[in-house]
Amino acid sequence: MPLHTYQCNDCQSVFEVLVRPPRRQGPEKCEFCGKNNLTKKPSAFAVTHNELDALRSLDPTYKRMVEDQMAKTPEAEPMRHLNKLTPFSAASDPGDPIDF
């Protein structure tokens, strides 16, 4: 059920109202001064930062599950590819340096 934020234009008070689905209308009067000069304001809402965080929050053992699968899949290990590279000191002609 959504919370809606309202501001009274007379007394500048800001308050939140729980709007239930059958009603779907905001308040008619300010909770503080009783006047009906209200403006609906944008409300804060919750968001998931990214899908990975959402998965981790659903399953606290997610990281361990991923690490177990990585251990079972040696071709996915990034160091395996780095170890295959030839270092510059062992290359006969490494070529001109790259200027970034």
# chains A, B, ... in the order shown; residues from 1 in each chain; ligands from 1

$ residues_around --residues "A:Asn37" --least-positions-apart "4" --cutoff "7 Å" --atoms "only C-alpha atoms" --output "CSV table (one decimal) with C-alpha atoms, in the first residue's frame"
chain,number,residue,atom,x,y,z
A,8,CYS,CA,0.3,22.2,3.0
A,9,ASN,CA,0.7,25.4,1.0
A,10,ASP,CA,-0.5,27.4,4.0

$ select_by_dssp --residues "chain A" --states "helix (DSSP H, G or I)" --output "ChimeraX atom specification"
/A:51-58,62-72,74-76,78-84,88-90

$ closest_residue --among "A:Leu18, A:Val66, A:Ala76, A:Ala90" --to "A:Leu52" --atoms "only C-alpha atoms"
A:Val66

$ select_by_dssp --residues "chain A" --states "strand (DSSP E or B)" --output "number ranges by chain"
A: 3-8, 14-18, 38-41

$ atom_distance --atom1 "atom CA of A:Lys63" --atom2 "atom CA of A:Lys84"
27.6 Å

$ closest_residue --among "A:Pro21, A:Phe100, A:Lys40, A:Arg80" --to "A:Thr5" --atoms "only C-alpha atoms"
A:Lys40

$ closest_residue --among "A:Glu51, A:Gln7, A:Glu75, A:Arg20" --to "A:Asn36" --atoms "only C-alpha atoms"
A:Gln7

$ closest_residue --among "A:Glu67, A:Asp53, A:Glu16, A:Asp93" --to "A:Thr39" --atoms "only C-alpha atoms"
A:Glu16
